[in-house]
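Asker: Input input.cif, format and content: mmCIF, C-alpha atoms and all ligand atoms.
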data_model
loop_
_atom_site.group_PDB
_atom_site.id
_atom_site.type_symbol
_atom_site.label_atom_id
_atom_site.label_comp_id
_atom_site.auth_asym_id
_atom_site.auth_seq_id
_atom_site.Cartn_x
_atom_site.Cartn_y
_atom_site.Cartn_z
ATOM 1 C CA MET A 26 159.912 114.782 30.980
ATOM 2 C CA LYS A 27 159.475 113.240 27.536
ATOM 3 C CA ARG A 28 158.244 116.551 26.166
ATOM 4 C CA LYS A 29 161.084 118.426 27.836
ATOM 5 C CA ARG A 30 163.699 116.027 26.473
ATOM 6 C CA LYS A 31 162.270 116.465 22.973
ATOM 7 C CA LYS A 32 162.252 120.243 23.318
ATOM 8 C CA LEU A 33 165.834 120.204 24.616
ATOM 9 C CA LYS A 34 166.953 118.369 21.469
ATOM 10 C CA GLU A 35 165.132 120.971 19.377
ATOM 11 C CA LEU A 36 166.979 123.774 21.189
ATOM 12 C CA TYR A 37 170.311 122.033 20.553
ATOM 13 C CA SER A 38 169.429 121.638 16.848
ATOM 14 C CA GLN A 39 168.249 125.207 16.507
ATOM 15 C CA TYR A 40 171.496 126.480 17.997
ATOM 16 C CA GLU A 41 173.526 124.341 15.574
ATOM 17 C CA LYS A 42 171.524 125.788 12.665
ATOM 18 C CA ASP A 43 171.930 129.348 13.938
ATOM 19 C CA VAL A 44 175.705 129.100 14.307
ATOM 20 C CA ALA A 45 176.410 126.854 11.320
ATOM 21 C CA GLU A 46 178.016 129.679 9.318
ATOM 22 C CA PHE A 47 180.270 130.690 12.228
ATOM 23 C CA LYS A 48 181.316 127.107 12.926
ATOM 24 C CA LYS A 49 182.549 126.721 9.353
ATOM 25 C CA SER A 50 185.732 128.487 10.433
ATOM 26 C CA ALA A 51 186.233 126.316 13.540
ATOM 27 C CA VAL A 52 189.552 124.497 13.840
ATOM 28 C CA CYS A 53 188.199 121.851 16.243
ATOM 29 C CA VAL A 54 188.878 118.224 15.292
ATOM 30 C CA LYS A 55 188.007 114.881 16.843
ATOM 31 C CA GLY A 56 190.578 114.061 19.502
ATOM 32 C CA CYS A 57 191.336 117.707 20.329
ATOM 33 C CA ALA A 58 189.842 117.915 23.782
ATOM 34 C CA ASP A 59 191.361 121.069 25.240
ATOM 35 C CA CYS A 60 187.902 122.181 26.364
ATOM 36 C CA CYS A 61 187.338 118.866 28.201
ATOM 37 C CA ILE A 62 190.593 118.983 30.174
ATOM 38 C CA ASP A 63 190.943 121.393 33.066
ATOM 39 C CA VAL A 64 187.182 121.678 32.910
ATOM 40 C CA GLY A 65 186.042 124.881 34.531
ATOM 41 C CA ASN A 66 182.665 125.937 33.288
ATOM 42 C CA ILE A 67 180.961 122.781 32.148
ATOM 43 C CA ASP A 68 177.730 123.816 33.786
ATOM 44 C CA ILE A 69 174.569 121.880 33.076
ATOM 45 C CA THR A 70 170.894 121.971 33.966
ATOM 46 C CA THR A 71 169.173 119.188 35.879
ATOM 47 C CA LEU A 72 167.295 118.341 32.670
ATOM 48 C CA GLU A 73 170.587 117.650 30.902
ATOM 49 C CA GLY A 74 171.872 115.965 34.049
ATOM 50 C CA ILE A 75 169.033 113.446 34.246
ATOM 51 C CA ILE A 76 169.720 112.394 30.644
ATOM 52 C CA ILE A 77 173.386 111.825 31.508
ATOM 53 C CA HIS A 78 172.460 110.131 34.793
ATOM 54 C CA ASP A 79 170.197 107.690 32.929
ATOM 55 C CA ARG A 80 172.967 106.930 30.422
ATOM 56 C CA VAL A 81 175.508 106.252 33.176
ATOM 57 C CA ALA A 82 173.020 103.829 34.757
ATOM 58 C CA THR A 83 173.199 101.708 31.568
ATOM 59 C CA PHE A 84 177.008 101.421 31.644
ATOM 60 C CA GLU A 85 178.521 98.023 32.456
ATOM 61 C CA GLU A 86 180.976 97.546 35.295
ATOM 62 C CA PRO A 87 183.755 98.522 35.804
ATOM 63 C CA LEU A 88 183.010 101.558 33.584
ATOM 64 C CA LYS A 89 180.074 102.708 35.707
ATOM 65 C CA SER A 90 182.119 102.700 38.919
ATOM 66 C CA GLU A 91 185.054 104.377 37.180
ATOM 67 C CA ILE A 92 182.842 107.220 35.923
ATOM 68 C CA LYS A 93 181.262 107.668 39.357
ATOM 69 C CA ALA A 94 184.697 107.750 40.989
ATOM 70 C CA MET A 95 185.895 110.331 38.452
ATOM 71 C CA LEU A 96 182.811 112.473 39.066
ATOM 72 C CA ALA A 97 183.417 112.328 42.824
ATOM 73 C CA LYS A 98 187.060 113.348 42.186
ATOM 74 C CA ASN A 99 185.919 116.215 39.920
ATOM 75 C CA LYS A 100 183.536 117.399 42.613
ATOM 76 C CA MET A 101 186.224 117.359 45.275
ATOM 77 C CA GLU A 102 188.766 119.108 43.038
ATOM 78 C CA ARG A 103 186.247 121.751 42.103
ATOM 79 C CA GLU A 104 185.360 122.260 45.779
ATOM 80 C CA ASN A 105 189.056 122.843 46.396
ATOM 81 C CA GLY A 106 189.240 125.389 43.589
ATOM 82 C CA ARG A 107 191.109 123.089 41.213
ATOM 83 C CA LEU A 108 190.226 122.239 37.619
ATOM 84 C CA SER A 109 190.091 118.673 36.357
ATOM 85 C CA ARG A 110 189.706 116.438 33.345
ATOM 86 C CA CYS A 111 186.048 115.706 32.536
ATOM 87 C CA ALA A 112 184.876 112.352 33.869
ATOM 88 C CA PHE A 113 183.443 111.482 30.440
ATOM 89 C CA LEU A 114 186.624 112.030 28.450
ATOM 90 C CA LYS A 115 188.064 108.730 27.226
ATOM 91 C CA ALA A 116 191.787 107.958 27.004
ATOM 92 C CA ASP A 117 191.682 108.598 23.228
ATOM 93 C CA LYS A 118 190.268 112.066 23.982
ATOM 94 C CA THR A 119 186.792 111.359 22.668
ATOM 95 C CA CYS A 120 183.617 111.827 24.676
ATOM 96 C CA ILE A 121 181.844 108.767 26.023
ATOM 97 C CA ILE A 122 178.502 110.617 26.063
ATOM 98 C CA TYR A 123 179.045 112.638 22.876
ATOM 99 C CA ASP A 124 175.489 112.167 21.540
ATOM 100 C CA ILE A 125 173.976 113.519 24.756
ATOM 101 C CA ARG A 126 176.720 115.966 25.783
ATOM 102 C CA PRO A 127 175.333 119.050 27.505
ATOM 103 C CA PHE A 128 174.930 122.451 25.889
ATOM 104 C CA SER A 129 178.053 123.799 27.633
ATOM 105 C CA CYS A 130 180.035 121.418 25.418
ATOM 106 C CA ARG A 131 177.945 121.997 22.281
ATOM 107 C CA ARG A 132 178.408 125.751 22.411
ATOM 108 C CA LEU A 133 182.201 125.495 22.419
ATOM 109 C CA TYR A 134 184.298 125.776 19.291
ATOM 110 C CA SER A 135 187.291 127.874 18.395
ATOM 111 C CA VAL A 136 188.509 129.604 15.281
ATOM 112 C CA LYS A 137 192.100 129.411 16.615
ATOM 113 C CA LYS A 138 193.984 126.498 18.171
ATOM 114 C CA CYS A 139 193.442 126.912 21.907
ATOM 115 C CA ASP A 140 196.869 125.630 23.076
ATOM 116 C CA GLY A 141 195.863 126.017 26.709
ATOM 117 C CA ALA A 142 194.061 129.347 26.225
ATOM 118 C CA SER A 143 190.310 129.964 26.094
ATOM 119 C CA PRO A 144 188.540 129.225 22.797
ATOM 120 C CA THR A 145 188.082 132.074 20.306
ATOM 121 C CA ILE A 146 184.402 132.274 19.464
ATOM 122 C CA HIS A 147 182.401 134.753 17.368
ATOM 123 C CA ARG A 148 180.600 137.281 19.540
ATOM 124 C CA GLN A 149 177.298 136.604 17.735
ATOM 125 C CA ALA A 150 177.627 132.882 18.474
ATOM 126 C CA LEU A 151 178.385 133.677 22.099
ATOM 127 C CA ASN A 152 175.204 135.766 22.323
ATOM 128 C CA LEU A 153 173.151 133.029 20.660
ATOM 129 C CA ALA A 154 174.618 130.492 23.087
ATOM 130 C CA ASN A 155 173.743 132.655 26.095
ATOM 131 C CA GLN A 156 170.174 132.989 24.799
ATOM 132 C CA THR A 157 169.973 129.208 24.366
ATOM 133 C CA VAL A 158 171.182 128.654 27.942
ATOM 134 C CA LYS A 159 168.328 130.827 29.171
ATOM 135 C CA LYS A 160 165.817 128.893 27.068
ATOM 136 C CA ILE A 161 167.096 125.595 28.492
ATOM 137 C CA GLN A 162 166.841 126.961 32.024
ATOM 138 C CA GLN A 163 163.319 128.153 31.284
ATOM 139 C CA LEU A 164 162.395 124.721 29.956
ATOM 140 C CA ASP A 165 163.830 123.128 33.109
ATOM 141 C CA PHE A 166 161.654 125.353 35.278
ATOM 142 C CA ASN A 167 161.648 123.099 38.349
ATOM 143 C CA GLY A 168 165.372 122.487 38.077
ATOM 144 C CA TYR A 169 168.800 123.904 38.784
ATOM 145 C CA SER A 170 172.062 124.738 37.018
ATOM 146 C CA GLY A 171 175.615 124.169 38.130
ATOM 147 C CA HIS A 172 178.869 122.361 37.466
ATOM 148 C CA ILE A 173 178.348 118.943 35.862
ATOM 149 C CA SER A 174 179.846 117.117 38.880
ATOM 150 C CA TYR A 175 177.554 118.975 41.305
ATOM 151 C CA ILE A 176 174.347 118.430 39.332
ATOM 152 C CA LEU A 177 175.129 114.730 38.832
ATOM 153 C CA TYR A 178 175.910 114.453 42.554
ATOM 154 C CA LEU A 179 172.453 115.851 43.364
ATOM 155 C CA LEU A 180 170.742 113.577 40.848
ATOM 156 C CA ASP A 181 172.485 110.564 42.365
ATOM 157 C CA ARG A 182 170.582 111.262 45.571
ATOM 158 C CA GLU A 183 167.366 109.301 45.250
ATOM 159 C CA GLU A 184 165.242 111.724 47.235
ATOM 160 C CA PHE A 185 166.329 114.680 45.112
ATOM 161 C CA ARG A 186 165.957 112.750 41.849
ATOM 162 C CA LYS A 187 162.456 111.491 42.623
ATOM 163 C CA LEU A 188 161.284 114.906 43.708
ATOM 164 C CA TYR A 189 162.682 116.483 40.540
ATOM 165 C CA LEU A 190 161.193 113.796 38.288
ATOM 166 C CA ARG A 191 157.788 114.322 39.884
ATOM 167 C CA GLY A 192 158.011 117.952 38.746
ATOM 168 C CA LYS A 193 158.226 119.194 42.330
ATOM 169 C CA PHE A 194 160.269 122.189 43.361
ATOM 170 C CA LYS A 195 161.662 122.389 46.884
ATOM 171 C CA PRO A 196 164.911 124.390 46.804
ATOM 172 C CA GLN A 197 165.019 124.445 50.607
ATOM 173 C CA LYS A 198 165.885 120.712 50.432
ATOM 174 C CA ILE A 199 169.247 121.541 48.857
ATOM 175 C CA ALA A 200 169.712 125.017 50.287
ATOM 176 C CA ASP A 201 173.029 124.357 52.067
ATOM 177 C CA PHE A 202 174.617 122.474 49.176
ATOM 178 C CA GLY A 203 173.142 124.903 46.649
ATOM 179 C CA GLN A 204 174.513 127.985 48.344
ATOM 180 C CA SER A 205 177.965 126.574 49.024
ATOM 181 C CA HIS A 206 178.294 125.167 45.488
ATOM 182 C CA GLY A 207 176.928 128.072 43.466
ATOM 183 C CA ILE A 208 173.875 126.161 42.247
ATOM 184 C CA LEU A 209 171.419 128.406 40.403
ATOM 185 C CA ILE A 210 167.669 128.010 40.665
ATOM 186 C CA ASN A 211 166.588 128.041 37.020
ATOM 187 C CA ARG A 212 163.329 129.882 37.582
ATOM 188 C CA SER A 213 165.220 132.635 39.456
ATOM 189 C CA VAL A 214 167.742 133.315 36.698
ATOM 190 C CA PRO A 215 167.038 136.774 35.197
ATOM 191 C CA ARG A 216 165.650 136.571 31.640
HETATM 192 S S1 LIG B 301 180.906 115.833 28.480
HETATM 193 FE FE1 LIG B 301 182.151 115.164 26.732
HETATM 194 S S2 LIG B 301 182.362 116.965 25.406
HETATM 195 FE FE2 LIG B 301 181.705 117.693 27.440
HETATM 196 S S3 LIG B 301 183.590 118.220 28.597
HETATM 197 FE FE3 LIG B 301 183.065 116.064 29.062
HETATM 198 S S4 LIG B 301 184.229 114.818 27.581
HETATM 199 FE FE4 LIG B 301 184.162 116.934 26.802
#
The structure in this file should be written as structure tokens.
Ligand code: SF4
Answerer:
Amino acid sequence: MKRKRKKLKELYSQYEKDVAEFKKSAVCVKGCADCCIDVGNIDITTLEGIIIHDRVATFEEPLKSEIKAMLAKNKMERENGRLSRCAFLKADKTCIIYDIRPFSCRRLYSVKKCDGASPTIHRQALNLANQTVKKIQQLDFNGYSGHISYILYLLDREEFRKLYLRGKFKPQKIADFGQSHGILINRSVPR
């Protein structure tokens, strides 16, 4: 896991280098959190999820319980086809896990104010981001991908977490949840 975490950081850094020129025209500023509200596609891998899970475990009460309650609410809303504010977005519209935010958040920027619409991103950056997603999934070869609330829900289950951390791969253990929640098996994603 240590090696994978290190490699994940390298992939994040490489992406930032690759899109640096494009991001120069981004209009995003701290406190603009359009992409964190009505969160639809904040999908993460289990590798990114375990890093977030470990961070949440270090939070003091009542913050830890508040985050867990928000994640449970996100999961329920998503299951009911509704979008919701990210559990990690603070009242001042900054991210409580900014330093370890998943790639879905890192890849987002916009060259136009979103004002409720989707971000406007360079096509080349979009392609580079899609390639990076595949590399992260490849790195997390015994893991899964899905909405942040679903992956963190799975990782909160001790049996699943221990199995994953031991490098084991038993998708049949989460087959029902996986199928009903659109969870992807990383090693099955076409390259
Ligand atoms: S993890 Fe942070 S950056 Fe990503 S959607 Fe949530 S609040 Fe926004």
Asker: Find the nearest atom pair between each residue of chain A and ligand LIG 301 (chain B) for residues within 10 Å, count all atoms listed in the file, give distances in Å to one decimal, sort rows by chain and ascending number, and present the table as a Markdown table.
Answerer:
| residue | atom | partner | partner_atom | distance |
| --- | --- | --- | --- | --- |
| A:Cys57 | CA | B:LIG301 | FE4 | 9.7 |
| A:Ala58 | CA | B:LIG301 | FE4 | 6.5 |
| A:Asp59 | CA | B:LIG301 | FE4 | 8.4 |
| A:Cys60 | CA | B:LIG301 | S3 | 6.3 |
| A:Cys61 | CA | B:LIG301 | S3 | 3.8 |
| A:Ile62 | CA | B:LIG301 | S3 | 7.2 |
| A:Asp63 | CA | B:LIG301 | S3 | 9.2 |
| A:Val64 | CA | B:LIG301 | S3 | 6.6 |
| A:Gly65 | CA | B:LIG301 | S3 | 9.3 |
| A:Asn66 | CA | B:LIG301 | S3 | 9.1 |
| A:Ile67 | CA | B:LIG301 | S3 | 6.4 |
| A:Asp68 | CA | B:LIG301 | S3 | 9.6 |
| A:Ile69 | CA | B:LIG301 | S1 | 9.9 |
| A:Ile77 | CA | B:LIG301 | S1 | 9.0 |
| A:Arg110 | CA | B:LIG301 | FE3 | 7.9 |
| A:Cys111 | CA | B:LIG301 | FE3 | 4.6 |
| A:Ala112 | CA | B:LIG301 | FE3 | 6.3 |
| A:Phe113 | CA | B:LIG301 | S4 | 4.5 |
| A:Leu114 | CA | B:LIG301 | S4 | 3.8 |
| A:Lys115 | CA | B:LIG301 | S4 | 7.2 |
| A:Lys118 | CA | B:LIG301 | S4 | 7.5 |
| A:Thr119 | CA | B:LIG301 | S4 | 6.5 |
| A:Cys120 | CA | B:LIG301 | FE1 | 4.2 |
| A:Ile121 | CA | B:LIG301 | FE1 | 6.4 |
| A:Ile122 | CA | B:LIG301 | FE1 | 5.9 |
| A:Tyr123 | CA | B:LIG301 | FE1 | 5.6 |
| A:Asp124 | CA | B:LIG301 | FE1 | 9.0 |
| A:Ile125 | CA | B:LIG301 | S1 | 8.2 |
| A:Arg126 | CA | B:LIG301 | S1 | 5.0 |
| A:Pro127 | CA | B:LIG301 | S1 | 6.5 |
| A:Phe128 | CA | B:LIG301 | FE2 | 8.4 |
| A:Ser129 | CA | B:LIG301 | FE2 | 7.1 |
| A:Cys130 | CA | B:LIG301 | FE2 | 4.6 |
| A:Arg131 | CA | B:LIG301 | S2 | 7.4 |
| A:Leu133 | CA | B:LIG301 | S2 | 9.0 |
| A:Ile173 | CA | B:LIG301 | S1 | 8.4 |
Asker: For C-alpha atoms, I'd like the residues from the last selection saved as a PDB file, keeping the file's coordinate frame.
Answerer:
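Written file, result_25.pdb:
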ATOM      1  CA  CYS A  57     191.336 117.707  20.329  1.00  0.00           C
ATOM      2  CA  ALA A  58     189.842 117.915  23.782  1.00  0.00           C
ATOM      3  CA  ASP A  59     191.361 121.069  25.240  1.00  0.00           C
ATOM      4  CA  CYS A  60     187.902 122.181  26.364  1.00  0.00           C
ATOM      5  CA  CYS A  61     187.338 118.866  28.201  1.00  0.00           C
ATOM      6  CA  ILE A  62     190.593 118.983  30.174  1.00  0.00           C
ATOM      7  CA  ASP A  63     190.943 121.393  33.066  1.00  0.00           C
ATOM      8  CA  VAL A  64     187.182 121.678  32.910  1.00  0.00           C
ATOM      9  CA  GLY A  65     186.042 124.881  34.531  1.00  0.00           C
ATOM     10  CA  ASN A  66     182.665 125.937  33.288  1.00  0.00           C
ATOM     11  CA  ILE A  67     180.961 122.781  32.148  1.00  0.00           C
ATOM     12  CA  ASP A  68     177.730 123.816  33.786  1.00  0.00           C
ATOM     13  CA  ILE A  69     174.569 121.880  33.076  1.00  0.00           C
ATOM     14  CA  ILE A  77     173.386 111.825  31.508  1.00  0.00           C
ATOM     15  CA  ARG A 110     189.706 116.438  33.345  1.00  0.00           C
ATOM     16  CA  CYS A 111     186.048 115.706  32.536  1.00  0.00           C
ATOM     17  CA  ALA A 112     184.876 112.352  33.869  1.00  0.00           C
ATOM     18  CA  PHE A 113     183.443 111.482  30.440  1.00  0.00           C
ATOM     19  CA  LEU A 114     186.624 112.030  28.450  1.00  0.00           C
ATOM     20  CA  LYS A 115     188.064 108.730  27.226  1.00  0.00           C
ATOM     21  CA  LYS A 118     190.268 112.066  23.982  1.00  0.00           C
ATOM     22  CA  THR A 119     186.792 111.359  22.668  1.00  0.00           C
ATOM     23  CA  CYS A 120     183.617 111.827  24.676  1.00  0.00           C
ATOM     24  CA  ILE A 121     181.844 108.767  26.023  1.00  0.00           C
ATOM     25  CA  ILE A 122     178.502 110.617  26.063  1.00  0.00           C
ATOM     26  CA  TYR A 123     179.045 112.638  22.876  1.00  0.00           C
ATOM     27  CA  ASP A 124     175.489 112.167  21.540  1.00  0.00           C
ATOM     28  CA  ILE A 125     173.976 113.519  24.756  1.00  0.00           C
ATOM     29  CA  ARG A 126     176.720 115.966  25.783  1.00  0.00           C
ATOM     30  CA  PRO A 127     175.333 119.050  27.505  1.00  0.00           C
ATOM     31  CA  PHE A 128     174.930 122.451  25.889  1.00  0.00           C
ATOM     32  CA  SER A 129     178.053 123.799  27.633  1.00  0.00           C
ATOM     33  CA  CYS A 130     180.035 121.418  25.418  1.00  0.00           C
ATOM     34  CA  ARG A 131     177.945 121.997  22.281  1.00  0.00           C
ATOM     35  CA  LEU A 133     182.201 125.495  22.419  1.00  0.00           C
ATOM     36  CA  ILE A 173     178.348 118.943  35.862  1.00  0.00           C
TER      37      ILE A 173
END
Asker: Give me, please, the distance in Å between CA of Phe194 in chain A and CA of Thr157 in chain A, quoted to one decimal.
Answerer: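 Separation of CA of Phe194 in chain A and CA of Thr157 in chain A: 22.5 Å.
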Asker: In Å, with one decimal, what is the gap from CA of Lys42 in chain A to CA of Ala150 in chain A?
Answerer: 11.0 Å
Asker: Find the residues near Arg30 in chain A: any atom within 10 Å, counting only C-alpha atoms, skip ones fewer than 5 places away on the same chain, and give them as a PyMOL selection string.
Answerer: chain A and resi 35-36+72-73+75-76+164-165
Asker: What do you get, as a PyMOL selection string, if you spell out every residue that the PyMOL selection byres (((chain A and resi 199) around 12) and not hetatm) selects here?
Answerer: chain A and resi 168-169+175-176+178-180+182+184-186+188-189+194-198+200-210
Asker: Compare A:Lys193, A:His172, A:Lys29, A:Lys48 by their minimum atom-to-atom distance to Thr145 in chain A, counting all atoms listed in the file, and give me the closest one.
Answerer: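 The closest residue to Thr145 in chain A is A:Lys48.
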Asker: Could you expand the PyMOL selection byres (((chain A and resi 134) around 7) and not hetatm) into the explicit residues it covers here, written as a list in words?
Answerer: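 Matching residues under the PyMOL selection byres (((chain A and resi 134) around 7) and not hetatm) are Ala51, Cys53, Arg132, Leu133, Ser135, Val136, Pro144 and Ile146 of chain A.
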Asker: Quick one: apply the PyMOL selection byres (((chain A and resi 86-94) around 10) and not hetatm) to the file and drop the selected residues here as a ChimeraX atom specification.
Answerer: /A:80-85,95-100,111-114,174,177-178,181
Asker: Rounded to one decimal, what separation in Å do you get between CA of Leu151 in chain A and CA of Glu104 in chain A?
Answerer: 27.2 Å
Asker: Just checking: using only C-alpha atoms, which residue out of A:Asp117, A:Lys49, A:Ser170, A:Pro215 ends up closest to Gly74 in chain A?
Answerer: A:Ser170
Asker: Return as AutoDock Vina command-line options the box centre and box size in Å, one decimal, for an axis-aligned box around all listed atoms of range 37-52 of chain A padded by 5 Å per side.
Answerer:
--center_x 178.9 --center_y 126.2 --center_z 14.9 --size_x 31.3 --size_y 19.1 --size_z 21.2
Asker: Quick one: residues within 10 Å of Ser213 in chain A, only C-alpha atoms, excluding same-chain residues fewer than 6 positions away - as a PyMOL selection string?
Answerer: chain A and resi 162-163+166+169
Asker: Fewer than 3 positions away in the same chain doesn't count, so skip those; otherwise give me all residues within 10 Å of Leu153 in chain A, counting only C-alpha atoms, as a list in words.
Answerer: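 In the requested form, the answer reads Tyr40, Asp43, Val44, Arg132, His147, Arg148, Gln149, Ala150, Gln156, Thr157 and Val158 of chain A.
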Asker: Between A:Ser109, A:His78, A:Gly171, A:Lys27, single out the one closest to Glu183 in chain A, counting all atoms listed in the file.
Answerer: A:His78
